[in-house]
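Remarks on the structure that follows.
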Amino acid sequence: MTAMEFVNALEKYGADVLLIAAGVCLLTALLKKTVLKNCPNKVYTFLPFLIGILLYAAYRAVATWSALPFTEEIAATFEGGLNCGAAATIYYIVYEQFIRKGKSKLSLSPMLGGILPDEKCEEASAELLKGAKERPQEELTVFVKETIIRYAGENLTDTELEAAAQAIATLLAALKE
């Protein structure tokens, strides 16, 4: 993928999500280098999405000056937080692919590194990217889940599998658009 294709992927998000995602990216990097530096890689995969949900919920609470984002509007808050995590992950992948290593080939390996064995990350990344292009968005989460199961085996709990599939499907959907 080219840099322009990444920019196009980010077009679907609003300015609020993109700004929060930048904060999520910075906060994730800071936590990875300090407090969470000894955590397993699996934590780093989900961290942007968790921080995204928390920051987006705080943003919505302040913006609406109410508790609605935590009660009646929890689904919208959760969706916005996942979008923040996906956008932050896109920022990170752009950094890894184009700035830090100077590569131009898209890879989901940085995200998959925490949930799959290292030797299977590139192969799984290629399969996920190719398969995402061929499937409609409504089938994406099921496809991602099946692919992760094939590569991870019994290494993930059901909760980790669901969270990983949702996070990766959200990212792939953003890259597709």
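All residue names refer to the structure tokens as shown: chains lettered A, B, ... in order, residues numbered from 1 in each chain, ligands numbered from 1 in order.
Counting only C-alpha atoms, A:Ser125 has the following residues at most 9 Å away, ignoring those fewer than 6 positions along the same chain: Leu106, Ser107, Leu108, Ser109 and Leu112 of chain A.
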Would you export the selected residues with N, CA, C and O atoms as a PDB file, in the first residue's frame, please?
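Writing done, so here's part_21.pdb:
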ATOM      1  N   LEU A 106       2.680  -3.105   2.837  1.00  0.00           N
ATOM      2  CA  LEU A 106       1.798  -3.143   3.994  1.00  0.00           C
ATOM      3  C   LEU A 106       1.897  -4.487   4.690  1.00  0.00           C
ATOM      4  O   LEU A 106       1.917  -5.531   4.048  1.00  0.00           O
ATOM      5  N   SER A 107       1.944  -4.452   6.001  1.00  0.00           N
ATOM      6  CA  SER A 107       1.958  -5.665   6.793  1.00  0.00           C
ATOM      7  C   SER A 107       1.227  -5.417   8.102  1.00  0.00           C
ATOM      8  O   SER A 107       1.380  -4.365   8.719  1.00  0.00           O
ATOM      9  N   LEU A 108       0.441  -6.378   8.500  1.00  0.00           N
ATOM     10  CA  LEU A 108      -0.249  -6.299   9.787  1.00  0.00           C
ATOM     11  C   LEU A 108       0.560  -6.963  10.897  1.00  0.00           C
ATOM     12  O   LEU A 108       0.082  -7.114  12.010  1.00  0.00           O
ATOM     13  N   SER A 109       1.789  -7.346  10.592  1.00  0.00           N
ATOM     14  CA  SER A 109       2.631  -8.044  11.563  1.00  0.00           C
ATOM     15  C   SER A 109       2.787  -7.323  12.895  1.00  0.00           C
ATOM     16  O   SER A 109       2.770  -7.970  13.931  1.00  0.00           O
ATOM     17  N   LEU A 112      -0.341  -8.238  14.684  1.00  0.00           N
ATOM     18  CA  LEU A 112      -0.506  -9.670  14.888  1.00  0.00           C
ATOM     19  C   LEU A 112       0.543 -10.258  15.829  1.00  0.00           C
ATOM     20  O   LEU A 112       0.354 -11.343  16.366  1.00  0.00           O
TER      21      LEU A 112
END
* Write out as a ChimeraX atom specification each polymer residue whose atoms come within 7 Å of stretch 88-94 of chain A, counting only C-alpha atoms; drop sequence neighbours fewer than 4 positions from it. => /A:21-22,24-25,48,84,98
Per-residue nearest contacts of stretch 38-68 of chain A to stretch 163-175 of chain A (9 Å; only C-alpha atoms) as CSV:
residue,atom,partner,partner_atom,distance
A:Thr45,CA,A:Ala164,CA,7.8
A:Phe46,CA,A:Ala164,CA,7.3
A:Phe49,CA,A:Ala167,CA,7.3
* Shortest interatomic distance to A:Ile115 - which of A:Leu68, A:Val43, A:Leu54, A:Ala75, counting only C-alpha atoms -> A:Val43
